[in-house]
>>> print(open('work.cif').read())   # mmCIF, C-alpha atoms and all ligand atoms
data_start
loop_
_atom_site.label_atom_id
_atom_site.label_comp_id
_atom_site.auth_asym_id
_atom_site.auth_seq_id
_atom_site.Cartn_x
_atom_site.Cartn_y
_atom_site.Cartn_z
CA MET A 1 101.68 84.29 123.18
CA THR A 2 104.34 81.57 123.12
CA ASP A 3 104.16 78.45 120.97
CA LEU A 4 103.52 76.41 124.10
CA GLU A 5 100.65 78.67 125.17
CA LEU A 6 99.16 78.34 121.68
CA MET A 7 99.35 74.55 121.96
CA PHE A 8 97.44 74.77 125.25
CA GLU A 9 94.85 77.00 123.53
CA ALA A 10 94.43 74.29 120.89
CA ALA A 11 93.98 71.67 123.61
CA GLU A 12 91.24 73.83 125.17
CA ALA A 13 89.60 74.27 121.76
CA ARG A 14 89.55 70.49 121.29
CA LYS A 15 87.18 70.14 124.26
CA ALA A 16 84.37 71.58 122.11
CA ALA A 17 84.88 69.07 119.27
CA TYR A 18 81.59 67.65 117.95
CA THR A 19 82.57 64.16 116.83
CA PRO A 20 79.72 61.66 117.23
CA TYR A 21 80.88 59.67 114.17
CA SER A 22 84.69 59.47 114.23
CA HIS A 23 85.22 60.23 117.93
CA PHE A 24 88.46 61.82 116.70
CA GLN A 25 88.71 65.18 118.42
CA VAL A 26 90.77 68.01 117.00
CA GLY A 27 91.46 71.47 118.37
CA ALA A 28 93.16 74.39 116.68
CA ALA A 29 94.32 77.80 117.85
CA LEU A 30 95.10 80.48 115.30
CA LEU A 31 97.32 83.43 116.25
CA THR A 32 96.80 86.70 114.37
CA ALA A 33 99.50 89.24 113.61
CA GLU A 34 97.99 91.49 116.30
CA GLY A 35 98.22 88.72 118.89
CA ARG A 36 94.60 87.62 119.04
CA VAL A 37 93.78 83.91 119.24
CA TYR A 38 90.86 82.21 117.49
CA ARG A 39 89.99 78.71 118.59
CA GLY A 40 88.44 76.04 116.39
CA CYS A 41 87.27 72.44 116.73
CA ASN A 42 86.10 69.85 114.25
CA ILE A 43 82.35 69.76 113.73
CA GLU A 44 81.00 66.57 112.18
CA ASN A 45 77.72 65.97 110.39
CA ALA A 46 75.39 63.01 109.90
CA ALA A 47 75.81 63.49 106.16
CA TYR A 48 79.62 63.30 106.69
CA THR A 49 80.60 65.63 103.81
CA PRO A 50 79.69 68.89 105.61
CA THR A 51 82.16 68.05 108.39
CA ASN A 52 84.45 70.97 109.14
CA CYS A 53 87.98 70.47 110.41
CA ALA A 54 89.26 72.31 113.47
CA GLU A 55 91.76 74.30 111.42
CA ARG A 56 89.13 75.63 109.03
CA THR A 57 86.76 76.41 111.88
CA ALA A 58 89.44 78.61 113.46
CA ILE A 59 90.37 80.29 110.18
CA PHE A 60 86.76 80.93 109.16
CA LYS A 61 85.91 82.30 112.59
CA ALA A 62 88.81 84.73 112.32
CA VAL A 63 88.13 85.80 108.73
CA SER A 64 84.45 86.32 109.54
CA GLU A 65 85.54 88.72 112.27
CA GLY A 66 87.59 90.74 109.79
CA GLU A 67 91.00 89.18 110.44
CA ARG A 68 93.32 88.61 107.48
CA HIS A 69 96.84 88.40 108.89
CA PHE A 70 97.89 85.19 110.58
CA GLU A 71 101.16 84.04 112.05
CA THR A 72 100.75 80.58 113.52
CA ILE A 73 98.25 77.77 113.97
CA ALA A 74 98.54 75.05 116.62
CA VAL A 75 96.75 71.73 116.19
CA VAL A 76 96.18 68.96 118.72
CA ALA A 77 94.23 65.78 118.11
CA GLY A 78 93.39 62.37 119.42
CA LYS A 79 90.63 59.86 119.89
CA GLU A 80 88.09 60.73 122.56
CA GLY A 81 89.34 59.55 125.94
CA GLU A 82 92.78 58.60 124.61
CA GLU A 83 96.21 60.20 124.49
CA LEU A 84 96.85 63.01 122.02
CA THR A 85 98.48 61.84 118.80
CA PHE A 86 100.52 63.67 116.18
CA THR A 87 98.06 64.80 113.48
CA SER A 88 98.72 66.76 110.33
CA PRO A 89 96.22 69.09 108.56
CA CYS A 90 94.24 67.62 105.67
CA GLY A 91 94.78 68.86 102.14
CA VAL A 92 91.66 71.03 102.15
CA CYS A 93 92.82 72.85 105.30
CA ARG A 94 96.29 73.38 103.82
CA GLN A 95 94.65 74.95 100.77
CA VAL A 96 92.53 77.25 102.96
CA MET A 97 95.70 78.30 104.81
CA MET A 98 97.25 79.05 101.41
CA GLU A 99 94.46 81.55 100.73
CA PHE A 100 95.22 83.73 103.72
CA CYS A 101 98.75 82.95 104.87
CA ASP A 102 102.23 83.51 103.52
CA PRO A 103 103.56 79.99 102.91
CA GLU A 104 107.13 81.10 103.66
CA THR A 105 106.36 82.44 107.13
CA PHE A 106 103.09 80.92 108.35
CA ARG A 107 103.91 78.41 111.08
CA ILE A 108 102.03 75.19 111.88
CA LEU A 109 102.57 73.58 115.30
CA LEU A 110 101.74 69.88 115.44
CA GLY A 111 101.90 67.32 118.21
CA THR A 112 101.21 67.71 121.90
CA PRO A 113 102.04 70.55 124.29
CA GLU A 114 104.79 68.29 125.65
CA ASN A 115 106.27 67.46 122.25
CA PHE A 116 105.43 69.46 119.17
CA HIS A 117 107.09 70.20 115.85
CA VAL A 118 107.03 73.43 113.88
CA PHE A 119 106.49 73.48 110.12
CA THR A 120 105.99 76.26 107.61
CA LEU A 121 103.00 76.15 105.28
CA LYS A 122 105.49 75.85 102.42
CA GLU A 123 106.79 72.63 103.94
CA MET A 124 103.26 71.25 104.28
CA LEU A 125 102.06 72.43 100.86
CA PRO A 126 105.04 72.72 98.52
CA GLU A 127 104.38 74.42 95.19
CA GLY A 128 100.91 75.30 96.42
CA PHE A 129 98.43 77.22 94.30
CA GLY A 130 97.30 80.48 95.83
CA PRO A 131 95.99 84.00 95.24
CA LEU A 132 99.25 85.18 93.66
CA ASP A 133 98.80 82.68 90.84
CA LEU A 134 95.66 84.54 89.73
CA GLN A 135 97.34 87.94 89.57
CA ALA A 136 97.91 89.27 86.05
N1 LIG B 201 90.11 66.50 111.26
C1 LIG B 201 90.42 67.77 111.65
O1 LIG B 201 89.60 68.46 112.26
N2 LIG B 201 91.65 68.24 111.37
C2 LIG B 201 92.66 67.51 110.81
O2 LIG B 201 93.77 68.00 110.68
C3 LIG B 201 92.40 66.13 110.39
C4 LIG B 201 91.00 65.66 110.50
C5 LIG B 201 88.82 65.95 111.66
C6 LIG B 201 87.78 65.78 110.60
C7 LIG B 201 86.91 64.70 111.20
O3 LIG B 201 85.97 65.29 112.06
C8 LIG B 201 87.86 63.85 112.03
O4 LIG B 201 89.00 64.67 112.22
C9 LIG B 201 88.25 62.55 111.38
O5 LIG B 201 88.72 62.75 110.09
#
>>> encode(input="work.cif", output="structure tokens")
Amino acid sequence: MTDLELMFEAAEARKAAYTPYSHFQVGAALLTAEGRVYRGCNIENAAYTPTNCAERTAIFKAVSEGERHFETIAVVAGKEGEELTFTSPCGVCRQVMMEFCDPETFRILLGTPENFHVFTLKEMLPEGFGPLDLQA
């Protein structure tokens, strides 16, 4: 799975976005160490707070299937019916990534399939708090 293919997976995932309130559609595609891909979309809620971001949907789907080792996540986003725009994961999603991913090596692809940038989790969440901080 190339980075470009993973961006296209994220674009496919975005088609399932449930966004009756913001109309801002996000898709994510999470690549496991074994090469499997889990797709996620944002899922909004009339009460707003229960809204789940695309990134967390993908991660929770994967973890609930027994996956724990992740290499890369691709994210694409944009308003319904408009061009894709560069969008960066929210703080909550970065923290969830921190739980399961090595910040030094986990890669985050942001942008569009035509023009995307690659970040590490460490770049997106410097000095992050994670599981290692709770080890004695
Ligand atoms: N959203 C995501 O799914 N991922 C992000 O990286 C940023 C924000 C969603 C949440 C909400 O459904 C909509 O975008 C507007 O905030």
>>> closest_residue(input="work.cif", among="A:Ala77, A:Leu134, A:Ala33, A:Ala47", to="ligand LIG 201 (chain B)", atoms="only C-alpha atoms and all ligand atoms")
A:Ala77
>>> axis_aligned_box(input="work.cif", around="ligand LIG 201 (chain B)", padding_each_side="3 Å", output="JSON")
{"center_x": 89.9, "center_y": 65.5, "center_z": 111.2, "size_x": 13.8, "size_y": 11.9, "size_z": 8.2}
>>> residues_near_ligand(input="work.cif", ligand="ligand LIG 201 (chain B)", cutoff="10 Å", atoms="all atoms listed in the file", output="PyMOL selection string")
chain A and resi 14+17-28+40-45+48-57+75-79+86-94+110
>>> residues_near_point(input="work.cif", point="(101.4, 81.7, 104.5)", cutoff="7 Å", atoms="all atoms listed in the file", output="PyMOL selection string")
chain A and resi 97-98+100-106+121
>>> write_last_selection(input="work.cif", atoms="C-alpha atoms", output="PDB file, in the frame of the given file")
ATOM      1  CA  MET A  97      95.700  78.300 104.810  1.00  0.00           C
ATOM      2  CA  MET A  98      97.250  79.050 101.410  1.00  0.00           C
ATOM      3  CA  PHE A 100      95.220  83.730 103.720  1.00  0.00           C
ATOM      4  CA  CYS A 101      98.750  82.950 104.870  1.00  0.00           C
ATOM      5  CA  ASP A 102     102.230  83.510 103.520  1.00  0.00           C
ATOM      6  CA  PRO A 103     103.560  79.990 102.910  1.00  0.00           C
ATOM      7  CA  GLU A 104     107.130  81.100 103.660  1.00  0.00           C
ATOM      8  CA  THR A 105     106.360  82.440 107.130  1.00  0.00           C
ATOM      9  CA  PHE A 106     103.090  80.920 108.350  1.00  0.00           C
ATOM     10  CA  LEU A 121     103.000  76.150 105.280  1.00  0.00           C
TER      11      LEU A 121
END
>>> closest_residue(input="work.cif", among="A:Lys61, A:Ala46, A:Leu109, A:Phe119", to="Ile73 of chain A", atoms="all atoms listed in the file")
A:Leu109
>>> closest_residue(input="work.cif", among="A:Gly66, A:Gly35, A:Pro113, A:Gly81", to="Asp3 of chain A", atoms="all atoms listed in the file")
A:Pro113
>>> closest_residue(input="work.cif", among="A:Gln135, A:Leu6, A:Thr32, A:Met1", to="Phe116 of chain A", atoms="only C-alpha atoms")
A:Leu6
>>> closest_residue(input="work.cif", among="A:Leu125, A:Ala16, A:Leu132, A:Ala62", to="Glu80 of chain A", atoms="all atoms listed in the file")
A:Ala16
>>> closest_residue(input="work.cif", among="A:Arg36, A:Met7, A:Glu82, A:Ser64", to="His117 of chain A", atoms="only C-alpha atoms")
A:Met7
>>> atom_distance(input="work.cif", atom1="atom CA of Phe8 of chain A", atom2="atom CA of Arg107 of chain A")
16.0 Å
